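To start, the structure under review is shown below, and the notes come after it.
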Amino acid sequence: MKKNENIHLIIKNYGCNAEGVGNANGEIIFVPYALVDEKIDGTIIKANKNFAIAKILNISNPSKDRIVAPCPYFSKCGGCQLQHTNYENSLKIKTGIVQNAITNIGKIDFQVSNTIPSKLEYHYRNKISMPINPKTRKLGMYRLSSHNIIDTDDCLLQKNLISSLIKIFNHYLSKTKCTIYDDATKKGLIKSLVAREIEDKILVTVVINGDDLKDKDMLIELLKQNFKSFGLSLNINKLKNNVILSEDFVDVYGENQVEVIENGIKYNISNRSFLQVNDDVKQKMYQKIFDEIENETVIDAYSGAGLLSAMMSKHAKMVYGIEIVYEATKLADNIKKINLIQNLKNINGDCSIKLPKLLSKLKDEEKNNLTIVIDPPRKGCDRKVIEAIANVEPKKIIYMSCDPSTLARDLNILLAIKKYNIKSIEPFDMFPQTKHVETLAILTKE
């Protein structure tokens with residue numbers, strides 16, 4: 001296939017990014033926004049040795065599952081990949097993505113469960129991070145696979161207060177005399193907007209390439225006119241890379257954290273904190289984990305800021321949390337302190353180093369009644385971590401994954417080392433309308 005070549009094909013399957021997949025002239029063609037059984041007329045926009053990517057020109061027989069996307073920015077910005085199909089079908093697509101990874105990458109013969117739906121198909125996200133277009137002085141989203149910003153007045157995935165904030169902040173940008181950061185020149189002041197909506201409160205952070213926001217009083221007045229409860233902070237980020245937030249926050253107005261009580265644990269949320277973006281699906285996943293724990297020793301590998309570790313302490317005999325980021329471990333210790341938790345120890349360090357050391361120190365009775373929870377980054381588990389887990393042979397392994405491909409790879413490695421039964425592999429729709437899917441795999445020792 002060559003670029004700009006026209007093609008005709010029938011979509012037979014879905015790729016790992018929820019795009020349609022067909023075959024033309026013996027070559028695999030990926031077609032974004034195409035659905036299975038649709039006949040597509042398209043043109044090649046990218047040609048590689050083993051596959052090509054095509055753009056839809058015409059659909060001669062649209063799928064019964066195709067709908068009109070409600071968002072005017074769909075297919076322009078890179079935020080969503082599945083607004084062109086009904087929600088029920090999008091869940092089936094995600095189940096298929098996980099199943100294909102388990103079967104083809106993991107080489108594992110196991111039937112994946114149907115994807116657990118989100119209560120909300122839209123307006124579910126409790127956090128947003130948006131760059132600013134220096135040419136138009138408007139918030140936007142990056143075009144798919146590019147660094148070009150598509151101007152945006154709203155995002156249908158966001159909760160209602162955040163949706164309102166986008167319009168308000170765009171108005172502020174039209175009035176302020178502050179310069180806008182340009183990634184090409186690395187000059188300009190205002191970089192991006194980060195916000196979180198939690199319990200009818202909104203936390204607003206303006207990321208700046210400088211020491212202060214001169215027109216912040218104007219922004220405060222606009223926020224006062226529109227929100228009953230809000231906090232405003234600045235994030236001082238002079239780094240010339242793609243990292244959105246630095247560690248340098250300056251609180252400007254209001255309360256910049258919200259106290260939450262969830263699953264019996266009190267904790268504070270701010271724009272510094274990591275929190276799953278879909279409250280409903282997060283609770284469904286966590287409850288599944290709690291149901292697997294009963295008065296045993298639990299190791300929470302890759303434990304982050306320790307929220308799940310603290311919640312599991314309500315169900316476990318003892319919990320150990322391991323996290324490489326020092327600031328995250330400090331937050332975990334604070335959650336432990338304010339909740340007076342006695343059966344929890346947070347350990348700071350590289351999981352591939354700390355986990356084997358911890359396992360070697362456990363008493364036999366702990367090893368015999370041990371559950372290990374894994375929630376690694378997108379790249380998956382370090383091989384040393386998998387080997388350490390397999391060697392100690394916990395009675396149960398609970399693996400949370402945001403990437404089906406690395407989950408399948410890691411399960412393949414683990415099952416090749418030790419004999420485990422797969423109890424369940426269950427996808428959760430943490431991110432409706434997008435290609436992303438969370439998966440919870442539970443393994444038990446034979």
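In the structure tokens, the first chain shown is A, the next is B, and so on; residue numbers restart at 1 for each chain, and ligands run from 1 in the order shown.
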With only C-alpha atoms as the counted atoms, please give the residues lying no more than 12 Å from Asn160 of chain A, apart from itself and same-chain residues fewer than 5 positions off, as a PDB file with all heavy atoms, in the first residue's frame.
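Contents of the output file result33.pdb:
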```pdb
ATOM      1  N   TYR A 122     -21.430   9.908  29.855  1.00  0.00           N
ATOM      2  CA  TYR A 122     -20.797  11.216  29.693  1.00  0.00           C
ATOM      3  C   TYR A 122     -20.791  11.926  31.048  1.00  0.00           C
ATOM      4  O   TYR A 122     -21.427  11.488  31.999  1.00  0.00           O
ATOM      5  CB  TYR A 122     -21.548  12.070  28.668  1.00  0.00           C
ATOM      6  CG  TYR A 122     -21.398  11.585  27.242  1.00  0.00           C
ATOM      7  CD1 TYR A 122     -22.336  10.718  26.686  1.00  0.00           C
ATOM      8  CD2 TYR A 122     -20.329  11.995  26.460  1.00  0.00           C
ATOM      9  CE1 TYR A 122     -22.205  10.268  25.379  1.00  0.00           C
ATOM     10  CE2 TYR A 122     -20.186  11.548  25.145  1.00  0.00           C
ATOM     11  CZ  TYR A 122     -21.120  10.687  24.615  1.00  0.00           C
ATOM     12  OH  TYR A 122     -20.976  10.247  23.325  1.00  0.00           O
ATOM     13  N   HIS A 123     -20.038  13.007  31.128  1.00  0.00           N
ATOM     14  CA  HIS A 123     -19.982  13.834  32.347  1.00  0.00           C
ATOM     15  C   HIS A 123     -19.555  13.033  33.578  1.00  0.00           C
ATOM     16  O   HIS A 123     -20.099  13.202  34.664  1.00  0.00           O
ATOM     17  CB  HIS A 123     -21.335  14.513  32.596  1.00  0.00           C
ATOM     18  CG  HIS A 123     -21.786  15.391  31.466  1.00  0.00           C
ATOM     19  ND1 HIS A 123     -21.084  16.509  31.066  1.00  0.00           N
ATOM     20  CD2 HIS A 123     -22.856  15.289  30.624  1.00  0.00           C
ATOM     21  CE1 HIS A 123     -21.703  17.077  30.040  1.00  0.00           C
ATOM     22  NE2 HIS A 123     -22.767  16.343  29.738  1.00  0.00           N
ATOM     23  N   TYR A 124     -18.599  12.142  33.385  1.00  0.00           N
ATOM     24  CA  TYR A 124     -18.132  11.301  34.485  1.00  0.00           C
ATOM     25  C   TYR A 124     -16.767  11.713  35.031  1.00  0.00           C
ATOM     26  O   TYR A 124     -16.416  11.358  36.153  1.00  0.00           O
ATOM     27  CB  TYR A 124     -18.057   9.837  34.035  1.00  0.00           C
ATOM     28  CG  TYR A 124     -17.072   9.586  32.900  1.00  0.00           C
ATOM     29  CD1 TYR A 124     -15.718   9.357  33.159  1.00  0.00           C
ATOM     30  CD2 TYR A 124     -17.489   9.587  31.572  1.00  0.00           C
ATOM     31  CE1 TYR A 124     -14.821   9.141  32.121  1.00  0.00           C
ATOM     32  CE2 TYR A 124     -16.598   9.373  30.537  1.00  0.00           C
ATOM     33  CZ  TYR A 124     -15.262   9.153  30.812  1.00  0.00           C
ATOM     34  OH  TYR A 124     -14.364   8.956  29.792  1.00  0.00           O
ATOM     35  N   ARG A 125     -15.984  12.440  34.279  1.00  0.00           N
ATOM     36  CA  ARG A 125     -14.601  12.741  34.678  1.00  0.00           C
ATOM     37  C   ARG A 125     -14.569  13.791  35.780  1.00  0.00           C
ATOM     38  O   ARG A 125     -15.174  14.863  35.660  1.00  0.00           O
ATOM     39  CB  ARG A 125     -13.774  13.239  33.498  1.00  0.00           C
ATOM     40  CG  ARG A 125     -13.307  12.158  32.537  1.00  0.00           C
ATOM     41  CD  ARG A 125     -12.322  12.743  31.524  1.00  0.00           C
ATOM     42  NE  ARG A 125     -11.110  13.199  32.177  1.00  0.00           N
ATOM     43  CZ  ARG A 125      -9.987  12.495  32.270  1.00  0.00           C
ATOM     44  NH1 ARG A 125      -9.917  11.279  31.743  1.00  0.00           N
ATOM     45  NH2 ARG A 125      -8.935  12.985  32.882  1.00  0.00           N
ATOM     46  N   ASN A 126     -13.819  13.495  36.851  1.00  0.00           N
ATOM     47  CA  ASN A 126     -13.702  14.456  37.950  1.00  0.00           C
ATOM     48  C   ASN A 126     -12.454  15.329  37.848  1.00  0.00           C
ATOM     49  O   ASN A 126     -12.191  16.146  38.731  1.00  0.00           O
ATOM     50  CB  ASN A 126     -13.731  13.737  39.307  1.00  0.00           C
ATOM     51  CG  ASN A 126     -12.608  12.715  39.453  1.00  0.00           C
ATOM     52  OD1 ASN A 126     -11.477  12.940  39.042  1.00  0.00           O
ATOM     53  ND2 ASN A 126     -12.917  11.570  40.061  1.00  0.00           N
ATOM     54  N   LYS A 127     -11.687  15.161  36.766  1.00  0.00           N
ATOM     55  CA  LYS A 127     -10.481  15.975  36.608  1.00  0.00           C
ATOM     56  C   LYS A 127     -10.214  16.256  35.139  1.00  0.00           C
ATOM     57  O   LYS A 127     -10.496  15.424  34.273  1.00  0.00           O
ATOM     58  CB  LYS A 127      -9.263  15.272  37.217  1.00  0.00           C
ATOM     59  CG  LYS A 127      -8.009  16.149  37.248  1.00  0.00           C
ATOM     60  CD  LYS A 127      -6.825  15.475  37.921  1.00  0.00           C
ATOM     61  CE  LYS A 127      -5.636  16.431  37.983  1.00  0.00           C
ATOM     62  NZ  LYS A 127      -4.446  15.800  38.602  1.00  0.00           N
ATOM     63  N   ILE A 128      -9.641  17.442  34.901  1.00  0.00           N
ATOM     64  CA  ILE A 128      -9.290  17.818  33.539  1.00  0.00           C
ATOM     65  C   ILE A 128      -7.925  18.491  33.536  1.00  0.00           C
ATOM     66  O   ILE A 128      -7.511  19.121  34.517  1.00  0.00           O
ATOM     67  CB  ILE A 128     -10.339  18.778  32.934  1.00  0.00           C
ATOM     68  CG1 ILE A 128     -10.186  18.854  31.408  1.00  0.00           C
ATOM     69  CG2 ILE A 128     -10.249  20.172  33.557  1.00  0.00           C
ATOM     70  CD1 ILE A 128     -11.321  19.567  30.723  1.00  0.00           C
ATOM     71  N   ASP A 154     -16.050  23.200  25.417  1.00  0.00           N
ATOM     72  CA  ASP A 154     -16.673  22.265  26.347  1.00  0.00           C
ATOM     73  C   ASP A 154     -16.071  20.889  26.106  1.00  0.00           C
ATOM     74  O   ASP A 154     -15.454  20.629  25.068  1.00  0.00           O
ATOM     75  CB  ASP A 154     -18.188  22.209  26.123  1.00  0.00           C
ATOM     76  CG  ASP A 154     -18.926  21.526  27.265  1.00  0.00           C
ATOM     77  OD1 ASP A 154     -18.281  21.190  28.288  1.00  0.00           O
ATOM     78  OD2 ASP A 154     -20.146  21.330  27.141  1.00  0.00           O
ATOM     79  N   CYS A 155     -16.235  19.998  27.070  1.00  0.00           N
ATOM     80  CA  CYS A 155     -15.864  18.598  26.909  1.00  0.00           C
ATOM     81  C   CYS A 155     -16.951  17.773  27.572  1.00  0.00           C
ATOM     82  O   CYS A 155     -17.180  17.904  28.781  1.00  0.00           O
ATOM     83  CB  CYS A 155     -14.500  18.307  27.538  1.00  0.00           C
ATOM     84  SG  CYS A 155     -14.063  16.550  27.503  1.00  0.00           S
ATOM     85  N   LEU A 165     -16.399  25.619  33.924  1.00  0.00           N
ATOM     86  CA  LEU A 165     -15.097  26.258  34.103  1.00  0.00           C
ATOM     87  C   LEU A 165     -14.391  26.493  32.772  1.00  0.00           C
ATOM     88  O   LEU A 165     -13.713  27.515  32.597  1.00  0.00           O
ATOM     89  CB  LEU A 165     -14.217  25.399  35.021  1.00  0.00           C
ATOM     90  CG  LEU A 165     -12.784  25.901  35.225  1.00  0.00           C
ATOM     91  CD1 LEU A 165     -12.786  27.235  35.976  1.00  0.00           C
ATOM     92  CD2 LEU A 165     -11.960  24.862  35.986  1.00  0.00           C
ATOM     93  N   ILE A 166     -14.534  25.557  31.840  1.00  0.00           N
ATOM     94  CA  ILE A 166     -13.871  25.716  30.536  1.00  0.00           C
ATOM     95  C   ILE A 166     -14.318  27.019  29.877  1.00  0.00           C
ATOM     96  O   ILE A 166     -13.492  27.799  29.386  1.00  0.00           O
ATOM     97  CB  ILE A 166     -14.171  24.505  29.631  1.00  0.00           C
ATOM     98  CG1 ILE A 166     -13.541  23.242  30.213  1.00  0.00           C
ATOM     99  CG2 ILE A 166     -13.642  24.756  28.215  1.00  0.00           C
ATOM    100  CD1 ILE A 166     -13.952  21.964  29.499  1.00  0.00           C
ATOM    101  N   LYS A 167     -15.611  27.278  29.882  1.00  0.00           N
ATOM    102  CA  LYS A 167     -16.137  28.512  29.285  1.00  0.00           C
ATOM    103  C   LYS A 167     -15.658  29.739  30.050  1.00  0.00           C
ATOM    104  O   LYS A 167     -15.275  30.762  29.455  1.00  0.00           O
ATOM    105  CB  LYS A 167     -17.660  28.465  29.254  1.00  0.00           C
ATOM    106  CG  LYS A 167     -18.246  27.313  28.440  1.00  0.00           C
ATOM    107  CD  LYS A 167     -19.754  27.323  28.499  1.00  0.00           C
ATOM    108  CE  LYS A 167     -20.375  26.191  27.686  1.00  0.00           C
ATOM    109  NZ  LYS A 167     -20.054  24.855  28.237  1.00  0.00           N
ATOM    110  N   ARG A 196     -10.214  19.943  39.271  1.00  0.00           N
ATOM    111  CA  ARG A 196     -10.865  18.736  39.785  1.00  0.00           C
ATOM    112  C   ARG A 196     -12.179  19.124  40.436  1.00  0.00           C
ATOM    113  O   ARG A 196     -12.253  20.115  41.176  1.00  0.00           O
ATOM    114  CB  ARG A 196      -9.960  18.028  40.792  1.00  0.00           C
ATOM    115  CG  ARG A 196     -10.657  16.911  41.568  1.00  0.00           C
ATOM    116  CD  ARG A 196      -9.667  16.037  42.285  1.00  0.00           C
ATOM    117  NE  ARG A 196      -9.168  14.993  41.401  1.00  0.00           N
ATOM    118  CZ  ARG A 196      -7.922  14.541  41.404  1.00  0.00           C
ATOM    119  NH1 ARG A 196      -7.033  15.079  42.205  1.00  0.00           N
ATOM    120  NH2 ARG A 196      -7.568  13.574  40.592  1.00  0.00           N
ATOM    121  N   GLU A 197     -13.220  18.342  40.151  1.00  0.00           N
ATOM    122  CA  GLU A 197     -14.521  18.537  40.781  1.00  0.00           C
ATOM    123  C   GLU A 197     -14.760  17.408  41.760  1.00  0.00           C
ATOM    124  O   GLU A 197     -14.708  16.229  41.398  1.00  0.00           O
ATOM    125  CB  GLU A 197     -15.629  18.544  39.722  1.00  0.00           C
ATOM    126  CG  GLU A 197     -17.014  18.751  40.286  1.00  0.00           C
ATOM    127  CD  GLU A 197     -18.094  18.822  39.213  1.00  0.00           C
ATOM    128  OE1 GLU A 197     -17.754  19.145  38.045  1.00  0.00           O
ATOM    129  OE2 GLU A 197     -19.269  18.546  39.535  1.00  0.00           O
ATOM    130  N   ILE A 198     -15.015  17.778  43.008  1.00  0.00           N
ATOM    131  CA  ILE A 198     -15.220  16.765  44.036  1.00  0.00           C
ATOM    132  C   ILE A 198     -16.258  17.276  45.032  1.00  0.00           C
ATOM    133  O   ILE A 198     -16.139  18.378  45.569  1.00  0.00           O
ATOM    134  CB  ILE A 198     -13.885  16.411  44.748  1.00  0.00           C
ATOM    135  CG1 ILE A 198     -14.018  15.137  45.553  1.00  0.00           C
ATOM    136  CG2 ILE A 198     -13.326  17.540  45.556  1.00  0.00           C
ATOM    137  CD1 ILE A 198     -13.684  13.906  44.789  1.00  0.00           C
ATOM    138  N   GLU A 199     -17.332  16.540  45.193  1.00  0.00           N
ATOM    139  CA  GLU A 199     -18.394  16.862  46.143  1.00  0.00           C
ATOM    140  C   GLU A 199     -18.884  18.302  45.991  1.00  0.00           C
ATOM    141  O   GLU A 199     -18.929  19.074  46.956  1.00  0.00           O
ATOM    142  CB  GLU A 199     -17.929  16.580  47.578  1.00  0.00           C
ATOM    143  CG  GLU A 199     -17.658  15.103  47.826  1.00  0.00           C
ATOM    144  CD  GLU A 199     -17.443  14.773  49.293  1.00  0.00           C
ATOM    145  OE1 GLU A 199     -17.259  15.710  50.094  1.00  0.00           O
ATOM    146  OE2 GLU A 199     -17.451  13.578  49.635  1.00  0.00           O
ATOM    147  N   ASP A 200     -19.243  18.684  44.783  1.00  0.00           N
ATOM    148  CA  ASP A 200     -19.805  20.004  44.468  1.00  0.00           C
ATOM    149  C   ASP A 200     -18.841  21.159  44.716  1.00  0.00           C
ATOM    150  O   ASP A 200     -19.264  22.319  44.813  1.00  0.00           O
ATOM    151  CB  ASP A 200     -21.104  20.250  45.253  1.00  0.00           C
ATOM    152  CG  ASP A 200     -22.190  19.253  44.889  1.00  0.00           C
ATOM    153  OD1 ASP A 200     -22.282  18.900  43.692  1.00  0.00           O
ATOM    154  OD2 ASP A 200     -22.918  18.807  45.792  1.00  0.00           O
ATOM    155  N   LYS A 201     -17.571  20.834  44.832  1.00  0.00           N
ATOM    156  CA  LYS A 201     -16.540  21.868  44.942  1.00  0.00           C
ATOM    157  C   LYS A 201     -15.594  21.723  43.754  1.00  0.00           C
ATOM    158  O   LYS A 201     -15.422  20.623  43.223  1.00  0.00           O
ATOM    159  CB  LYS A 201     -15.761  21.723  46.249  1.00  0.00           C
ATOM    160  CG  LYS A 201     -16.622  21.880  47.489  1.00  0.00           C
ATOM    161  CD  LYS A 201     -15.807  21.677  48.762  1.00  0.00           C
ATOM    162  CE  LYS A 201     -16.708  21.798  49.996  1.00  0.00           C
ATOM    163  NZ  LYS A 201     -15.948  21.579  51.252  1.00  0.00           N
ATOM    164  N   ILE A 202     -14.983  22.834  43.357  1.00  0.00           N
ATOM    165  CA  ILE A 202     -14.064  22.773  42.228  1.00  0.00           C
ATOM    166  C   ILE A 202     -12.720  23.367  42.627  1.00  0.00           C
ATOM    167  O   ILE A 202     -12.642  24.435  43.246  1.00  0.00           O
ATOM    168  CB  ILE A 202     -14.647  23.481  40.982  1.00  0.00           C
ATOM    169  CG1 ILE A 202     -13.776  23.200  39.771  1.00  0.00           C
ATOM    170  CG2 ILE A 202     -14.871  24.965  41.209  1.00  0.00           C
ATOM    171  CD1 ILE A 202     -14.463  23.445  38.447  1.00  0.00           C
ATOM    172  N   PHE A 227     -19.171  30.066  40.983  1.00  0.00           N
ATOM    173  CA  PHE A 227     -19.070  28.883  41.834  1.00  0.00           C
ATOM    174  C   PHE A 227     -19.255  29.258  43.301  1.00  0.00           C
ATOM    175  O   PHE A 227     -18.696  30.248  43.778  1.00  0.00           O
ATOM    176  CB  PHE A 227     -17.708  28.206  41.653  1.00  0.00           C
ATOM    177  CG  PHE A 227     -17.441  27.754  40.246  1.00  0.00           C
ATOM    178  CD1 PHE A 227     -16.421  28.321  39.493  1.00  0.00           C
ATOM    179  CD2 PHE A 227     -18.222  26.769  39.653  1.00  0.00           C
ATOM    180  CE1 PHE A 227     -16.175  27.919  38.196  1.00  0.00           C
ATOM    181  CE2 PHE A 227     -17.982  26.359  38.350  1.00  0.00           C
ATOM    182  CZ  PHE A 227     -16.966  26.934  37.618  1.00  0.00           C
TER     183      PHE A 227
END
```
Near Val112 of chain A, within 7 Å and counting only C-alpha atoms, which residues show up once chain neighbours fewer than 5 positions away are dropped, as a compact mmCIF listing (two decimals) with N, CA and C atoms, in the first residue's frame?
```
# COMPACT_ATOMS: atom_id res chain seq x y z
N GLN A 99 -9.96 -9.38 25.44
CA GLN A 99 -9.91 -10.80 25.05
C GLN A 99 -8.82 -11.05 24.02
N ILE A 425 -11.03 -12.49 34.78
CA ILE A 425 -10.42 -11.34 34.11
C ILE A 425 -11.58 -10.45 33.70
N GLU A 426 -11.71 -9.31 34.35
CA GLU A 426 -12.91 -8.50 34.21
C GLU A 426 -12.54 -7.06 33.82
```
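Straight-line separation from atom CA of Ile180 of chain A to atom CA of Ser229 of chain A: 27.1 Å.
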Near-Asn334 of chain A list (10 Å; only C-alpha atoms; drop same-chain fewer than 4 positions) as a PDB file with all heavy atoms, in the first residue's frame:
```pdb
ATOM      1  N   TYR A 267      -9.650  11.084  53.828  1.00  0.00           N
ATOM      2  CA  TYR A 267      -8.458  11.545  53.118  1.00  0.00           C
ATOM      3  C   TYR A 267      -8.748  12.887  52.451  1.00  0.00           C
ATOM      4  O   TYR A 267      -9.905  13.288  52.281  1.00  0.00           O
ATOM      5  CB  TYR A 267      -7.990  10.524  52.089  1.00  0.00           C
ATOM      6  CG  TYR A 267      -8.958  10.232  50.963  1.00  0.00           C
ATOM      7  CD1 TYR A 267      -8.809  10.815  49.713  1.00  0.00           C
ATOM      8  CD2 TYR A 267     -10.020   9.338  51.146  1.00  0.00           C
ATOM      9  CE1 TYR A 267      -9.681  10.532  48.681  1.00  0.00           C
ATOM     10  CE2 TYR A 267     -10.897   9.061  50.112  1.00  0.00           C
ATOM     11  CZ  TYR A 267     -10.726   9.662  48.886  1.00  0.00           C
ATOM     12  OH  TYR A 267     -11.598   9.382  47.864  1.00  0.00           O
ATOM     13  N   ASN A 268      -7.679  13.576  52.075  1.00  0.00           N
ATOM     14  CA  ASN A 268      -7.794  14.876  51.431  1.00  0.00           C
ATOM     15  C   ASN A 268      -7.435  14.753  49.953  1.00  0.00           C
ATOM     16  O   ASN A 268      -6.466  14.093  49.591  1.00  0.00           O
ATOM     17  CB  ASN A 268      -6.875  15.904  52.095  1.00  0.00           C
ATOM     18  CG  ASN A 268      -7.318  16.234  53.500  1.00  0.00           C
ATOM     19  OD1 ASN A 268      -8.502  16.427  53.760  1.00  0.00           O
ATOM     20  ND2 ASN A 268      -6.371  16.303  54.432  1.00  0.00           N
ATOM     21  N   ALA A 305      -0.319   6.844  46.470  1.00  0.00           N
ATOM     22  CA  ALA A 305      -0.528   7.664  47.668  1.00  0.00           C
ATOM     23  C   ALA A 305      -1.216   6.903  48.787  1.00  0.00           C
ATOM     24  O   ALA A 305      -1.605   7.494  49.797  1.00  0.00           O
ATOM     25  CB  ALA A 305      -1.334   8.907  47.315  1.00  0.00           C
ATOM     26  N   GLY A 306      -1.405   5.603  48.627  1.00  0.00           N
ATOM     27  CA  GLY A 306      -1.815   4.748  49.739  1.00  0.00           C
ATOM     28  C   GLY A 306      -3.290   4.685  50.037  1.00  0.00           C
ATOM     29  O   GLY A 306      -3.679   4.098  51.054  1.00  0.00           O
ATOM     30  N   ALA A 328       4.591  10.500  47.432  1.00  0.00           N
ATOM     31  CA  ALA A 328       3.396   9.657  47.507  1.00  0.00           C
ATOM     32  C   ALA A 328       3.379   8.843  48.802  1.00  0.00           C
ATOM     33  O   ALA A 328       2.335   8.688  49.443  1.00  0.00           O
ATOM     34  CB  ALA A 328       3.326   8.732  46.296  1.00  0.00           C
ATOM     35  N   THR A 329       4.552   8.339  49.194  1.00  0.00           N
ATOM     36  CA  THR A 329       4.641   7.593  50.451  1.00  0.00           C
ATOM     37  C   THR A 329       4.336   8.487  51.648  1.00  0.00           C
ATOM     38  O   THR A 329       3.686   8.055  52.611  1.00  0.00           O
ATOM     39  CB  THR A 329       6.034   6.957  50.601  1.00  0.00           C
ATOM     40  OG1 THR A 329       6.303   6.124  49.470  1.00  0.00           O
ATOM     41  CG2 THR A 329       6.123   6.109  51.864  1.00  0.00           C
ATOM     42  N   LYS A 330       4.763   9.742  51.580  1.00  0.00           N
ATOM     43  CA  LYS A 330       4.437  10.700  52.653  1.00  0.00           C
ATOM     44  C   LYS A 330       2.927  10.898  52.754  1.00  0.00           C
ATOM     45  O   LYS A 330       2.369  10.953  53.862  1.00  0.00           O
ATOM     46  CB  LYS A 330       5.126  12.046  52.393  1.00  0.00           C
ATOM     47  CG  LYS A 330       6.617  12.070  52.727  1.00  0.00           C
ATOM     48  CD  LYS A 330       7.254  13.387  52.339  1.00  0.00           C
ATOM     49  CE  LYS A 330       6.653  14.560  53.083  1.00  0.00           C
ATOM     50  NZ  LYS A 330       7.317  15.846  52.727  1.00  0.00           N
ATOM     51  N   ILE A 338      -4.018  10.029  60.056  1.00  0.00           N
ATOM     52  CA  ILE A 338      -5.293  10.676  60.367  1.00  0.00           C
ATOM     53  C   ILE A 338      -6.413   9.655  60.583  1.00  0.00           C
ATOM     54  O   ILE A 338      -7.423   9.965  61.209  1.00  0.00           O
ATOM     55  CB  ILE A 338      -5.697  11.703  59.279  1.00  0.00           C
ATOM     56  CG1 ILE A 338      -5.943  11.018  57.933  1.00  0.00           C
ATOM     57  CG2 ILE A 338      -4.667  12.804  59.161  1.00  0.00           C
ATOM     58  CD1 ILE A 338      -6.409  11.984  56.848  1.00  0.00           C
ATOM     59  N   ASN A 339      -6.219   8.427  60.072  1.00  0.00           N
ATOM     60  CA  ASN A 339      -7.229   7.384  60.278  1.00  0.00           C
ATOM     61  C   ASN A 339      -6.861   6.415  61.398  1.00  0.00           C
ATOM     62  O   ASN A 339      -7.572   5.426  61.619  1.00  0.00           O
ATOM     63  CB  ASN A 339      -7.453   6.615  58.971  1.00  0.00           C
ATOM     64  CG  ASN A 339      -8.221   7.425  57.939  1.00  0.00           C
ATOM     65  OD1 ASN A 339      -9.437   7.525  58.005  1.00  0.00           O
ATOM     66  ND2 ASN A 339      -7.498   8.017  56.996  1.00  0.00           N
ATOM     67  N   LEU A 340      -5.745   6.675  62.079  1.00  0.00           N
ATOM     68  CA  LEU A 340      -5.299   5.864  63.223  1.00  0.00           C
ATOM     69  C   LEU A 340      -5.212   4.377  62.858  1.00  0.00           C
ATOM     70  O   LEU A 340      -5.629   3.498  63.614  1.00  0.00           O
ATOM     71  CB  LEU A 340      -6.250   6.048  64.410  1.00  0.00           C
ATOM     72  CG  LEU A 340      -6.461   7.499  64.875  1.00  0.00           C
ATOM     73  CD1 LEU A 340      -7.520   7.552  65.973  1.00  0.00           C
ATOM     74  CD2 LEU A 340      -5.155   8.127  65.345  1.00  0.00           C
TER      75      LEU A 340
END
```
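Within 10 Å of segment 21-24 of chain A there are Met1, Ile7, His8, Leu9, Ile10, Ile11, Lys12, Asn13, Tyr14, Gly15, Phe30, Val31, Pro32, Ala34, Leu35, Val36, Asp37, Glu38, Lys39, Ile40, Phe51, Ala52, Ile53 and Ala54 of chain A, counting only C-alpha atoms and ignoring same-chain residues fewer than 6 positions away.
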Requested in this report: Taking the DSSP assignment computed from this structure's backbone, write out as an NGL selection string all residues of segment 165-389 of chain A that belong to helix (DSSP H, G or I).
Outcome: :A and (165-175 or 216-226 or 279-290 or 307-312 or 326-338 or 351-361 or 364-367 or 383-389)
Excluding same-chain residues fewer than 4 positions from Ile56 of chain A, what lies within 7 Å of it counting only C-alpha atoms, as a short mmCIF file (atom, residue, chain, number, x, y, z; two decimals) with N, CA, C and O atoms, in the first residue's frame?
```
data_model
loop_
_atom_site.label_atom_id
_atom_site.label_comp_id
_atom_site.auth_asym_id
_atom_site.auth_seq_id
_atom_site.Cartn_x
_atom_site.Cartn_y
_atom_site.Cartn_z
N ILE A 40 -16.20 0.00 3.65
CA ILE A 40 -15.54 1.29 3.71
C ILE A 40 -14.84 1.63 2.39
O ILE A 40 -14.13 0.80 1.82
N ASP A 41 -15.05 2.84 1.93
CA ASP A 41 -14.20 3.43 0.90
C ASP A 41 -13.28 4.40 1.64
O ASP A 41 -13.77 5.26 2.39
N GLY A 42 -11.98 4.24 1.44
CA GLY A 42 -11.06 5.08 2.18
C GLY A 42 -9.80 5.39 1.40
O GLY A 42 -9.64 4.97 0.25
N THR A 43 -8.94 6.15 2.04
CA THR A 43 -7.65 6.48 1.44
C THR A 43 -6.55 6.26 2.46
O THR A 43 -6.74 6.53 3.66
#
```
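We find atom CA of Glu221 of chain A and atom CA of Glu259 of chain A to be spaced 24.6 Å apart.
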Requested in this report: Find the spatial neighbours of Ser360 of chain A, counting only C-alpha atoms, within a cut-off of 9 Å - ignore same-chain residues fewer than 4 positions away - and output them as a PyMOL selection string.
Outcome: chain A and resi 355-356+392
Using only all heavy atoms, please write the residues we just selected to a file, as a compact mmCIF listing (two decimals), in the first residue's frame.
```txt
# COMPACT_ATOMS: atom_id res chain seq x y z
N LEU A 355 10.18 -5.35 47.25
CA LEU A 355 9.27 -6.49 47.38
C LEU A 355 10.00 -7.78 47.74
O LEU A 355 9.60 -8.46 48.70
CB LEU A 355 8.45 -6.67 46.10
CG LEU A 355 7.46 -7.84 46.11
CD1 LEU A 355 6.43 -7.69 47.21
CD2 LEU A 355 6.77 -7.98 44.74
N PRO A 356 11.10 -8.15 47.04
CA PRO A 356 11.81 -9.37 47.45
C PRO A 356 12.32 -9.31 48.89
O PRO A 356 12.28 -10.31 49.62
CB PRO A 356 12.98 -9.45 46.46
CG PRO A 356 12.51 -8.69 45.25
CD PRO A 356 11.68 -7.57 45.81
N VAL A 392 7.39 -16.62 45.92
CA VAL A 392 6.82 -16.73 47.27
C VAL A 392 5.47 -17.44 47.24
O VAL A 392 4.96 -17.89 48.27
CB VAL A 392 6.69 -15.34 47.92
CG1 VAL A 392 5.47 -14.59 47.41
CG2 VAL A 392 6.65 -15.44 49.44
```
